[in-house]
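Below: one structure, written as structure tokens.
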Amino acid sequence: MTPRLSLENITRRFGETVANDAISFDVMPGEIFAVLGENGAGKSTLMKIVYGVVRPDAGRIAIDGRALEIDSPAQARSLGIAMVFQHFALFESLTLAENVALGLPPAPLAQVSARMIELSQRYDLEIDPAKRVHDLSVGERQRVEILRALMSSPRLLILDEPTSVLKPQAIERLFVTLERLAADGVSILFISHKLDEIRRLAQRCAVLRAGRLIAIVDPRLESESSLARLMIGADPPAIALHDSPAGASALSVRGLDTTDAAERERWLHDLSFELHCGEIVGIAGVSGNGQAALMAALSGEWTGVKGAIRLFGEDVNALPTLERRRRGLRYVPEERLGHGAVAGLPLRDNAVLTRDELRSGGLVHVGQARRLTRQLIERFAIKVSGPDAAAGGLSGGNLQKFIVAREVEARPRVLLVNQPTWGVDVGAAAAIRNEVIALRKAGSAILVISEDLDELFELCDRLFVMSKGRLSPSVRPGEIGVQEIGRWMSGLWPRAEVVA
Amino acid sequence: MKVPYALVPRSERAGVMLWASPLIAVGLTLAAGALLLAWMGHAPGRVFEVIFWEPLATRRGWSELGLKATPLILCGVGLAMCFRANIWNIGAEGQLVVGAIAGGAVALLATRETTRAVVPLIIVAAAAGGAAWAAIIAWLRDRFNANEILVSLMLVYVAQLLLDWLVHGALKDPEGYGFPQSKLFESVARMPIVLPGTRLNIGLPLALAIAAVLWIALERMVIGFQLRVAGLAPLAARYAGFSERRLLWFALLVSGALAGVAGGIEAAGPVGQLTPAISPGYGFAAIIVAFVGRLHPLGVVPASLLMALFYIGGELAQSRLGLPGALTGIYQGMLLFFLLACDTLITHRVVRRVRTVTA
């Protein structure tokens, strides 16, 4: 049988670094083929080469046995290749239907919307084609990207970490969908850092490390630890156990209630909860269910929200970000670039962003900022040339490590973290989680919002589930199963119980 | 409409090219200018000699260059700061005019008995005038979220009409035979000359000092850091806790004040009175200056000198060779056009659209 995609000695350099070093493999028609590797291993570059975004310096690509050069995504699409990117490429001010229609041959918008609704129902990808992208959360945006790729009925579908924002049931349904597509002869190239997903889904798996192809294995015959060893070349750092009991109240929220400016949508629905010292509390849920509003209200990016927010007994609802930070409350936002860090500025300037001690008397203390940044880079093993490197040049995982390091190293009394390890490789994710656990041991109170249930189960002392702006009762991770949490994510939790 | 070419962002950032871009743009402007002159039947070599060489051949020529560059530097550094913070004040011309009115009004109060202390008063009044004019923009944007591009531009015309009205009325020289202009300022109320025998006044050293101060403020001070962050990533600025409102007011008041100072120095310097044509468009040319100078206070200085050369050379070409006065404007326009084109091609590459391949 002729391979659908055949790569032969694909090589690509960026300056000094070799992103892809003579990589060869075939993907057969109807095969689900996984590519596994840490961030910076060269997975994304390889996929961009297949999709025509980046050109290889050397090597040969063949589609259905025909050798050719793929010059552009448009050409890739005309060859039946579709891709779901990890970073989204959506126009903020357009509706979902308009965004999707842009990538298709001209067709009436109503027809596009109808097909989107049909596909979204079939694959359980809740979306509303009439909504505008700027109103969407990260999770919703990813759903649009998946849907967009499916619209063109591709013959080779590339997915870059597609499941990180889906409910467990939806992941399972997506897998069923992918398997059905594969059975119809569509080849699937699937990038993931979730080893269990690769073992569940893929028939073959290419492992990349530092730009080189380490092995092609059948993941069903491997264990998670053997795959992890292949990927990082060593055993991943073990997660420290958590055992310390919760202490006094750190953050107390009562009756938090917000709507959008036009008062059409109620983002937060009479939320109340308590966060104690020495405790990690998780909020599970699909993003777009009020998490962004909750974080804005707690961090101080919004002030004066209806309800009460008390930090160690003091009402801080009217206080801006800076004042809350002074009182020991720090925050790691969901978006790394443009929110948690500024792409165009060097890391040392990004340290100045929230490390207020680096700014005083009207001056920015560049020397101190450089010193602190160097310390953060060393202590947290961030892969970067130095404190003067631009934040935009770091890989997602390294930048996230930097942002978490910047906040954790300041020893906050309360830490809010939104999606701590979204799109981050296993090694970096373990490092970030260990930092959070160490902070909890030191007596800080930590609130983690995540769509990654495995992460929440691993980290948290207590869990809430958020759905449509409401908060479920809290449970201990040991007392509830993943399937049950999945049901709660649809808002179906026992109502009668008193909210803890 | 379907064009067979498309612009695709380049993945690699070009640091050196960022500064090479204005130089390439200047080269292209000269080349296109030469073609234009040849087409009009003039020898480009001779014209270029008059425009670009003769002004620089004498001490007086250099002093005139510095004199014309002064308002451009003052307006340009203020605009560079605004643009870096994504605040699009394109009405420096209006702030300059109001600065000239305020500074000129103080200068008109001077009599033969007045001391030199009136000079700093003129500059302060001019700064206050320009800042007040810019404060209208800041207030409308802050209070009503009005678009600062439109407001600042429209206020230019209001300022010019205000000046017109004043020199036809309240500030008109009673012994001026009905001409719409104020009386000449007392010599004590004129900007002191720094280079004897020329018209070059304290404006240039003042402008250079201000450019240096703004450079330090933008690179090393908290306010500059905040402005840069707000321009690059507004959400990150909010996350860090920087007040958007404060930055808006700061950038507009400072750039307005600097444009005002430019107007005051122009009125109480080379012009010596208030006339309806106090500025040949310095406030607009400063927008080009800010971009050619890469929105950097130190880059604005050579950019201002170049733009001043266009002004002086254009006048010489007009008087000496009988070329149309519109030449200066055409050169300024071409320079901006080529600069924007170079910037675009440095950050993007042109690719042919691929025709749909039947699979």
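Chains: A, B, ... in order of the structure tokens. Residues: from 1 per chain. Ligands: from 1, in order shown.
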
Within 6 Å of Gly94 of chain B using only C-alpha atoms, minus same-chain residues under 3 positions, as number ranges by chain: B: 91, 97, 156, 159

Sel. of strand (DSSP E or B) residues, segment 72-295 of chain A, as a PyMOL selection string: chain A and resi 81-84+95+132+156-160+187-191+204-209+212-217+249-259+266-276+279-284

Within 6 Å of chain A: residues of chain B, using only C-alpha atoms, as an MDAnalysis selection string: chainID B and resid 220:222 233 235:236 240:241 357 359

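Taking only C-alpha atoms, the non-local environment of segment 114-119 of chain B within 7 Å (same-chain residues fewer than 5 positions away omitted) comprises Val188, Ala189 and Met191 of chain B.
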
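One distance worth recording is that between atom CA of Leu37 of chain B and atom CA of Gly314 of chain B, which is 12.7 Å.
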
Selection: 7 Å around segment 282-296 of chain B, only C-alpha atoms, excl. self and same-chain fewer than 5 positions, as a ChimeraX atom specification: /B:22,71-72,75-77,79-81,84,90-93,96,303-304,336

Between atom CA of Ser444 of chain A and atom CA of Gly328 of chain A - distance in Å to one decimal: 9.6 Å

Segment 171-187 of chain A surroundings by only C-alpha atoms, 10 Å radius, close-in-sequence under 6 positions cut, as a PyMOL selection string: chain A and resi 3-5+27-33+80-81+122-125+146+150+153-158+162-165+197+200-202

What would the file look like if the residues just selected were written as a compact mmCIF listing (two decimals), in the first residue's frame with C-alpha atoms?
# COMPACT_ATOMS: atom_id res chain seq x y z
CA PRO A 3 1.82 5.65 2.25
CA ARG A 4 -0.50 8.65 2.53
CA LEU A 5 2.42 10.73 3.84
CA VAL A 27 1.88 7.37 7.66
CA MET A 28 -0.41 4.86 5.96
CA PRO A 29 -3.97 5.56 4.80
CA GLY A 30 -6.38 5.07 7.68
CA GLU A 31 -3.59 4.96 10.25
CA ILE A 32 -3.59 6.88 13.52
CA PHE A 33 0.01 7.91 13.97
CA GLY A 80 -6.33 17.12 1.50
CA ILE A 81 -4.21 18.00 4.57
CA ARG A 122 -21.94 14.80 15.81
CA TYR A 123 -18.63 15.30 17.64
CA ASP A 124 -19.94 16.91 20.83
CA LEU A 125 -18.06 20.16 20.21
CA ILE A 146 -11.06 21.24 15.42
CA LEU A 150 -13.21 18.75 9.90
CA SER A 153 -13.29 16.54 4.87
CA PRO A 154 -9.50 16.05 4.99
CA ARG A 155 -7.58 12.91 3.99
CA LEU A 156 -4.73 13.65 6.39
CA LEU A 157 -5.72 15.35 9.62
CA ILE A 158 -3.00 16.78 11.86
CA PRO A 162 -6.28 18.61 20.67
CA THR A 163 -7.66 17.10 23.87
CA SER A 164 -6.23 19.39 26.51
CA VAL A 165 -9.45 21.37 26.77
CA GLU A 197 -4.08 9.08 25.18
CA ARG A 200 -5.30 4.45 23.87
CA LEU A 201 -5.49 5.86 20.35
CA ALA A 202 -2.40 5.38 18.20
